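Novice: Dumping the structure here so I can ask a few things about it.
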Amino acid sequence: MASNRMWSARKAPKELLELIPTATLIDVTGAGRIVAGDDNHVFSGGLKGFLDDDVVASRH
């Protein structure tokens with residue numbers, strides 16, 4: 001069962017990127033269920049990058 005979950009966890013983001021080509025994947029290796037709590041620095045950096053690059057840029 002655990003190996004099946006790992007396969008799904010690795011395959012799902014790739015499938016999502018195929019469906020939404022403009023999406024951005026941020027790898028937070030080692031994070032558990034709560035990414036923001038497990039590695040806040042990576043999460044915050046990814047969120048800031050998204051806000052700066054995509055949201056703010058689309059308003060100009």
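By convention in this document, the chains of the structure tokens carry letters A, B, ... by their order, each chain's residues are numbered from 1, and ligands are numbered from 1 in the order they are shown.
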Taking the DSSP assignment computed from this structure's backbone, write out as a PyMOL selection string all residues of chain A that belong to alpha helix (DSSP H).
Specialist: chain A and resi 2-19+35-38+40-50+57-58
Novice: I want to know what sits within 12 Å of segment 6-20 of chain A, based on only C-alpha atoms, with residues of the same chain fewer than 5 positions away left out; could you give that as a VMD selection string?
Specialist: chain A and resid 1 25 to 27 29 31 to 33
Novice: Only N, CA and C atoms, please: the residues just picked out, written as a JSON list (two decimals), in the first residue's frame.
Specialist:
```
[["chain", "number", "residue", "atom", "x", "y", "z"],
["A", 1, "MET", "N", 0.82, -1.20, 0.00],
["A", 1, "MET", "CA", 0.00, 0.00, 0.00],
["A", 1, "MET", "C", 0.86, 1.26, 0.00],
["A", 25, "LEU", "N", 5.45, 23.69, -10.52],
["A", 25, "LEU", "CA", 5.65, 22.68, -9.49],
["A", 25, "LEU", "C", 6.82, 23.10, -8.62],
["A", 26, "ILE", "N", 6.62, 23.10, -7.34],
["A", 26, "ILE", "CA", 7.69, 23.40, -6.39],
["A", 26, "ILE", "C", 7.91, 22.15, -5.56],
["A", 27, "ASP", "N", 9.11, 21.59, -5.66],
["A", 27, "ASP", "CA", 9.44, 20.36, -4.95],
["A", 27, "ASP", "C", 9.88, 20.69, -3.52],
["A", 29, "THR", "N", 10.99, 18.47, -1.03],
["A", 29, "THR", "CA", 11.44, 17.13, -0.68],
["A", 29, "THR", "C", 11.44, 16.94, 0.84],
["A", 31, "ALA", "N", 8.88, 16.91, 2.82],
["A", 31, "ALA", "CA", 7.71, 17.46, 3.52],
["A", 31, "ALA", "C", 6.67, 16.37, 3.70],
["A", 32, "GLY", "N", 5.94, 16.47, 4.76],
["A", 32, "GLY", "CA", 4.87, 15.52, 5.02],
["A", 32, "GLY", "C", 3.54, 16.04, 4.52],
["A", 33, "ARG", "N", 2.54, 15.95, 5.34],
["A", 33, "ARG", "CA", 1.20, 16.35, 4.93],
["A", 33, "ARG", "C", 1.01, 17.85, 4.90]]
```
Novice: Out of A:Leu47, A:Ser58, A:Val42, A:Asp53, which residue has the shortest atom-to-atom distance to Gly30 of chain A when counting only C-alpha atoms?
Specialist: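 Smallest separation from Gly30 of chain A among the options: A:Val42.
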Novice: Could you work out how far atom CA of Pro21 of chain A lies from atom CA of Ser44 of chain A, giving the answer in Å with one decimal?
Specialist: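 Interatomic distance, atom CA of Ser44 of chain A to atom CA of Pro21 of chain A: 22.3 Å.
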Novice: In Å, rounded to a single decimal, give me how far atom CA of Asp38 of chain A is from atom CA of Ala57 of chain A.
Specialist: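 Calculated distance between atom CA of Ala57 of chain A and atom CA of Asp38 of chain A is 28.9 Å.
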Novice: In Å, rounded to a single decimal, give me how far atom CA of Thr22 of chain A is from atom CA of Lys48 of chain A.
Specialist: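 Separation between atom CA of Lys48 of chain A and atom CA of Thr22 of chain A: 16.8 Å.
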